[in-house]
Amino acid sequence: MVITEVGAGLRSYTVDGRRILDGYGPEEACTGARGHSMIPWPNRIRGGRYTWAGKGLQLDLSEPEKLGAIHGLTRWAPWRYLEGAPNLAAFGYVLHACPGWDWVLDCHLEYTLDAEGLTVRTTVTNRSGTACPYATGAHPYLSVGTPTIDTAHCQVPGAVYLPVDDAGIPTGRRPVDGSLYDLRKRQPLGDRHIDVAYTQLRRDADGRARVRLVRGEGRAVTLWVGDAYPYIEVFTGDTLPEADRRRTGLGVEPMTCAPDAFNSGEGLITLEPGQTHQARWGIDPGVKEGTA
């Protein structure tokens with residue numbers, strides 16, 4: 001496992017020589033938000049504009065082609081390495097006020113490896129004197145070693161998806177029944193183009209919801225989310241600007257809120273002064289299909 005100083009991002013994860021993530025190399029720049037954590041919001045904010053406590057705020061447009069702000073404010077920042085061990089790495093960053101954001105957040109990311117795989121813990125405390133809007137997410141791309149994801153099988157436990165407009169902003173909620181987004185039972189991805197958030201997640205007895213990517217009868221790479229994450233974005237990568245990286249991995253993005261939650265309020269957290277929010281997600285690198 002390799003974590004970068006920039007964004008404290010998850011650059012690569014391999015197990016017994018198998019690539020678990022479609023990441024990037026040591027001499028490459030991160031593209032497509034690969035492995036980034038997203039604070040204080042995941043996904044998009046329409047026009048980069050929102051209102052909080054009666055005040056209108058305008059963020060920089062980090063996705064100018066869609067006239068929006070995307071994936072938060074910390075993913076390109078230099079994080080501090082706090083502590084480490086053979087199975088653990090912890091990083092910290094203080095997000096100060098900046099254009100469109102009036103608060104101070106103390107952010108911590110902890111990556112832990114054990115016999116079950118990888119666990120990522122995001123802990124954020126509001127160090128401001130007033131409450132702030134808050135959400136978080138992550139952006140790994142799963143891989144099962146196939147040249148593209150077309151031949152892989154996938155299972156997503158979401159009963160509802162959020163259709164979006166041309167700017168990637170939700171236009172409502174729809175059941176997955178009968179749609180190309182219905183992956184509640186494992187099936188081939190084929191040529192499906194997917195870039196939507198799922199919710200109403202079916203959770204297992206341990207409270208975790210799981211997305212599985214499977215190579216034939218081989219191993220199933222599984223991303224799980226704890227109960228702090230009611231949404232999972234699934235992204236097949238068809239719109240990535242780098243043509244050679246399209247559909248080479250499956251973006252599976254834990255999110256504590258829906259896209260554009262700073263405006264819709266869907267899943268948005270009000271983080272009071274001094275309050276701490278914590279969320280966990282992780283990756284099971286693979287057991288033989290049939291025993292997962």
# chains A, B, ... in the order shown; residues from 1 in each chain; ligands from 1
call {"tool": "select_by_dssp", "arguments": {"residues": "range 137-217 of chain A", "states": "strand (DSSP E)", "output": "ChimeraX atom specification"}}
result
/A:137-139,141-142,153-155,158-162,174-175,187-188,195-201,209-214
call {"tool": "atom_distance", "arguments": {"atom1": "CA of Ala89 in chain A", "atom2": "CA of Val214 in chain A"}}
result
28.1 Å
call {"tool": "closest_atom_pairs", "arguments": {"of": "range 42-141 of chain A", "to": "range 224-227 of chain A", "cutoff": "12 Å", "atoms": "only C-alpha atoms", "output": "CSV"}}
result
residue,atom,partner,partner_atom,distance
A:Glu116,CA,A:Trp224,CA,11.4
A:Gly117,CA,A:Trp224,CA,10.7
A:Leu118,CA,A:Trp224,CA,10.0
A:Thr119,CA,A:Trp224,CA,9.2
A:Val120,CA,A:Val225,CA,9.8
A:Arg121,CA,A:Gly226,CA,10.1
A:Thr122,CA,A:Gly226,CA,11.5
A:Gly137,CA,A:Val225,CA,10.5
A:Ala138,CA,A:Val225,CA,10.6
A:Pro140,CA,A:Trp224,CA,11.9
call {"tool": "residues_around", "arguments": {"residues": "Arg11 in chain A", "least_positions_apart": "3", "cutoff": "8 Å", "atoms": "only C-alpha atoms", "output": "MDAnalysis selection string"}}
result
chainID A and resid 1:4 23:25 34:35
call {"tool": "atom_distance", "arguments": {"atom1": "CA of Asp238 in chain A", "atom2": "CA of His193 in chain A"}}
result
6.6 Å
call {"tool": "residues_around", "arguments": {"residues": "Val176 in chain A", "least_positions_apart": "2", "cutoff": "10 Å", "atoms": "only C-alpha atoms", "output": "list in words"}}
result
Gly158, Ala159, Val160, Tyr161, Leu162, Arg173, Arg174, Gly178, Ser179, Leu180, Tyr181, Asp182, Leu183, Arg184 and Tyr198 of chain A
call {"tool": "write_last_selection", "arguments": {"atoms": "C-alpha atoms", "output": "CSV table (one decimal), in the first residue's frame"}}
result
chain,number,residue,atom,x,y,z
A,158,GLY,CA,-28.4,0.0,-3.7
A,159,ALA,CA,-32.2,-0.1,-4.3
A,160,VAL,CA,-32.4,3.6,-5.3
A,161,TYR,CA,-30.2,5.7,-7.7
A,162,LEU,CA,-30.0,9.4,-8.2
A,173,ARG,CA,-34.6,9.6,-7.0
A,174,ARG,CA,-35.6,6.4,-8.8
A,178,GLY,CA,-35.7,-2.6,-14.4
A,179,SER,CA,-32.9,-0.2,-15.1
A,180,LEU,CA,-29.3,-0.6,-16.2
A,181,TYR,CA,-28.4,0.5,-12.7
A,182,ASP,CA,-29.9,-2.5,-11.1
A,183,LEU,CA,-26.9,-4.5,-9.9
A,184,ARG,CA,-28.3,-5.9,-6.7
A,198,TYR,CA,-26.9,4.7,-5.0
call {"tool": "atom_distance", "arguments": {"atom1": "CA of His277 in chain A", "atom2": "CA of Gly249 in chain A"}}
result
29.7 Å
call {"tool": "residues_around", "arguments": {"residues": "Arg49 in chain A", "least_positions_apart": "6", "cutoff": "12 Å", "atoms": "only C-alpha atoms", "output": "PDB file with N, CA, C and O atoms, in the first residue's frame"}}
result
ATOM      1  N   LYS A  55     -26.128  33.204   4.645  1.00  0.00           N
ATOM      2  CA  LYS A  55     -25.055  33.838   3.888  1.00  0.00           C
ATOM      3  C   LYS A  55     -24.770  33.050   2.615  1.00  0.00           C
ATOM      4  O   LYS A  55     -24.593  31.826   2.645  1.00  0.00           O
ATOM      5  N   GLY A  56     -24.725  33.743   1.485  1.00  0.00           N
ATOM      6  CA  GLY A  56     -24.363  33.106   0.231  1.00  0.00           C
ATOM      7  C   GLY A  56     -22.861  33.010   0.088  1.00  0.00           C
ATOM      8  O   GLY A  56     -22.133  33.973   0.370  1.00  0.00           O
ATOM      9  N   LEU A  57     -22.367  31.830  -0.333  1.00  0.00           N
ATOM     10  CA  LEU A  57     -20.936  31.616  -0.507  1.00  0.00           C
ATOM     11  C   LEU A  57     -20.654  31.109  -1.917  1.00  0.00           C
ATOM     12  O   LEU A  57     -21.472  30.369  -2.493  1.00  0.00           O
ATOM     13  N   GLN A  58     -19.500  31.477  -2.452  1.00  0.00           N
ATOM     14  CA  GLN A  58     -19.096  31.089  -3.800  1.00  0.00           C
ATOM     15  C   GLN A  58     -17.719  30.443  -3.754  1.00  0.00           C
ATOM     16  O   GLN A  58     -16.724  31.079  -3.426  1.00  0.00           O
ATOM     17  N   LEU A  59     -17.663  29.171  -4.086  1.00  0.00           N
ATOM     18  CA  LEU A  59     -16.409  28.419  -4.164  1.00  0.00           C
ATOM     19  C   LEU A  59     -15.767  28.599  -5.531  1.00  0.00           C
ATOM     20  O   LEU A  59     -16.443  28.920  -6.513  1.00  0.00           O
ATOM     21  N   ASP A  60     -14.457  28.390  -5.595  1.00  0.00           N
ATOM     22  CA  ASP A  60     -13.794  28.338  -6.889  1.00  0.00           C
ATOM     23  C   ASP A  60     -14.366  27.179  -7.703  1.00  0.00           C
ATOM     24  O   ASP A  60     -14.705  26.122  -7.153  1.00  0.00           O
ATOM     25  N   LEU A  61     -14.445  27.368  -9.015  1.00  0.00           N
ATOM     26  CA  LEU A  61     -15.000  26.329  -9.893  1.00  0.00           C
ATOM     27  C   LEU A  61     -13.893  25.355 -10.273  1.00  0.00           C
ATOM     28  O   LEU A  61     -13.172  25.543 -11.251  1.00  0.00           O
ATOM     29  N   LEU A  67     -19.111  23.886 -14.744  1.00  0.00           N
ATOM     30  CA  LEU A  67     -19.430  25.078 -13.946  1.00  0.00           C
ATOM     31  C   LEU A  67     -19.776  24.680 -12.512  1.00  0.00           C
ATOM     32  O   LEU A  67     -20.770  25.133 -11.947  1.00  0.00           O
ATOM     33  N   GLY A  68     -18.928  23.835 -11.931  1.00  0.00           N
ATOM     34  CA  GLY A  68     -19.193  23.381 -10.574  1.00  0.00           C
ATOM     35  C   GLY A  68     -17.928  23.269  -9.749  1.00  0.00           C
ATOM     36  O   GLY A  68     -16.809  23.448 -10.244  1.00  0.00           O
ATOM     37  N   ALA A  69     -18.120  23.006  -8.471  1.00  0.00           N
ATOM     38  CA  ALA A  69     -17.019  22.719  -7.552  1.00  0.00           C
ATOM     39  C   ALA A  69     -17.098  21.235  -7.201  1.00  0.00           C
ATOM     40  O   ALA A  69     -18.177  20.724  -6.883  1.00  0.00           O
ATOM     41  N   ILE A  70     -15.956  20.546  -7.257  1.00  0.00           N
ATOM     42  CA  ILE A  70     -15.976  19.094  -7.152  1.00  0.00           C
ATOM     43  C   ILE A  70     -14.978  18.582  -6.111  1.00  0.00           C
ATOM     44  O   ILE A  70     -13.869  19.101  -5.977  1.00  0.00           O
ATOM     45  N   PRO A  99     -11.717  31.135  -0.003  1.00  0.00           N
ATOM     46  CA  PRO A  99     -12.880  31.606  -0.753  1.00  0.00           C
ATOM     47  C   PRO A  99     -14.010  30.571  -0.798  1.00  0.00           C
ATOM     48  O   PRO A  99     -13.805  29.429  -1.206  1.00  0.00           O
ATOM     49  N   GLY A 100     -15.177  30.955  -0.340  1.00  0.00           N
ATOM     50  CA  GLY A 100     -16.334  30.072  -0.351  1.00  0.00           C
ATOM     51  C   GLY A 100     -16.441  29.154   0.842  1.00  0.00           C
ATOM     52  O   GLY A 100     -17.401  28.386   0.955  1.00  0.00           O
ATOM     53  N   TRP A 101     -15.473  29.229   1.766  1.00  0.00           N
ATOM     54  CA  TRP A 101     -15.465  28.332   2.934  1.00  0.00           C
ATOM     55  C   TRP A 101     -14.982  29.137   4.144  1.00  0.00           C
ATOM     56  O   TRP A 101     -13.852  29.623   4.163  1.00  0.00           O
ATOM     57  N   ASP A 260     -24.318  17.483  -4.478  1.00  0.00           N
ATOM     58  CA  ASP A 260     -24.936  18.801  -4.311  1.00  0.00           C
ATOM     59  C   ASP A 260     -25.693  18.929  -2.996  1.00  0.00           C
ATOM     60  O   ASP A 260     -26.651  19.704  -2.880  1.00  0.00           O
ATOM     61  N   ALA A 261     -25.233  18.221  -1.967  1.00  0.00           N
ATOM     62  CA  ALA A 261     -25.922  18.272  -0.668  1.00  0.00           C
ATOM     63  C   ALA A 261     -25.813  19.637  -0.006  1.00  0.00           C
ATOM     64  O   ALA A 261     -26.660  19.983   0.825  1.00  0.00           O
ATOM     65  N   PHE A 262     -24.798  20.434  -0.363  1.00  0.00           N
ATOM     66  CA  PHE A 262     -24.703  21.774   0.217  1.00  0.00           C
ATOM     67  C   PHE A 262     -25.902  22.630  -0.198  1.00  0.00           C
ATOM     68  O   PHE A 262     -26.210  23.636   0.449  1.00  0.00           O
ATOM     69  N   ASN A 263     -26.571  22.236  -1.277  1.00  0.00           N
ATOM     70  CA  ASN A 263     -27.791  22.933  -1.695  1.00  0.00           C
ATOM     71  C   ASN A 263     -29.053  22.147  -1.361  1.00  0.00           C
ATOM     72  O   ASN A 263     -30.038  22.713  -0.890  1.00  0.00           O
ATOM     73  N   SER A 264     -29.038  20.840  -1.601  1.00  0.00           N
ATOM     74  CA  SER A 264     -30.248  20.042  -1.371  1.00  0.00           C
ATOM     75  C   SER A 264     -30.431  19.675   0.092  1.00  0.00           C
ATOM     76  O   SER A 264     -31.553  19.402   0.540  1.00  0.00           O
TER      77      SER A 264
END
call {"tool": "closest_residue", "arguments": {"among": "A:Ser143, A:Asn126, A:Ser37, A:Thr136", "to": "Arg247 in chain A", "atoms": "only C-alpha atoms"}}
result
A:Ser143
call {"tool": "closest_residue", "arguments": {"among": "A:Tyr134, A:Tyr13, A:Trp41, A:Tyr81", "to": "His108 in chain A", "atoms": "only C-alpha atoms"}}
result
A:Tyr81
call {"tool": "residues_around", "arguments": {"residues": "Ile194 in chain A", "least_positions_apart": "5", "cutoff": "7 Å", "atoms": "only C-alpha atoms", "output": "list in words"}}
result
Val234, Phe235 and Thr236 of chain A
